[in-house]
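Remarks on the structure that follows.
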Amino acid sequence: GAVTTTLSTQREALRALGVTGARPSLDLAGWDPAGYLRALSRASLEAELIDPHGLGAFGWLRQSRP
């Protein structure tokens, strides 16, 4: 028994959850190079997931019930 049904793209759904794909500050590379590489890797993965011409175009169907 779903009460509401919402259709969105993966990009919209992940952006609503805070996924941005934003690159880390270059300042981080100066004082934590390994941390910068980890953050850069994460940003790259996020960007791939929300790319509107790639994985971000997948449809998501969300249903909720009371």
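Chain lettering (A, B, ...) mirrors the order of the structure tokens, residue numbering begins at 1 for each chain separately, and ligand numbering begins at 1 in order of display.
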Exercise. Running DSSP on the backbone, which parts of chain A land in strand (DSSP E or B), as a VMD selection string?
Worked result: chain A and resid 4 to 9 59 to 64
For this session: Please provide as a PyMOL selection string all residues within 12 Å of Glu48 of chain A, with the sequence filter that same-chain residues fewer than 4 positions apart are discarded (counting only C-alpha atoms).
Result: chain A and resi 10-11+14+19-22+41-44+52-57
Exercise. Between atom CA of Ala16 of chain A and atom CA of Arg38 of chain A, what is the distance, to one decimal in Å?
Worked result: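 Interatomic distance here is 22.9 Å.
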Problem set entry | Distance of atom CA of Thr4 of chain A from atom CA of Glu46 of chain A, expressed in Å to one decimal place |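 Here the two named atoms are 27.9 Å from each other.
Nearest-residue note for Ala47 of chain A: choosing from A:Leu28, A:Leu17, A:Arg23, A:Pro33, the minimum distance belongs to A:Arg23, counting only C-alpha atoms.
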For this session: Considering only C-alpha atoms, return as a list in words whatever protein or nucleic-acid residues lie within 10 Å of Arg62 of chain A, sequence-local ones (same chain, fewer than 5 positions apart) excluded.
Result: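 That gives Ala2, Thr4, Thr5, Thr6, Leu7, Ser8 and Ala13 of chain A.
Computed from the coordinates, the atom CA of Leu49 of chain A to atom CA of Pro24 of chain A distance equals 17.1 Å.
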Exercise. Residues of chain A in alpha helix (DSSP H) according to DSSP, as a PyMOL selection string?
Worked result: chain A and resi 10-16+26-31+33-50
For this session: Counting only C-alpha atoms, figure out which residue out of A:Ala39, A:Leu45, A:Val3, A:Ile50 gets nearest to Leu26 of chain A.
Result: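 Smallest distance to Leu26 of chain A is found for A:Ala39.
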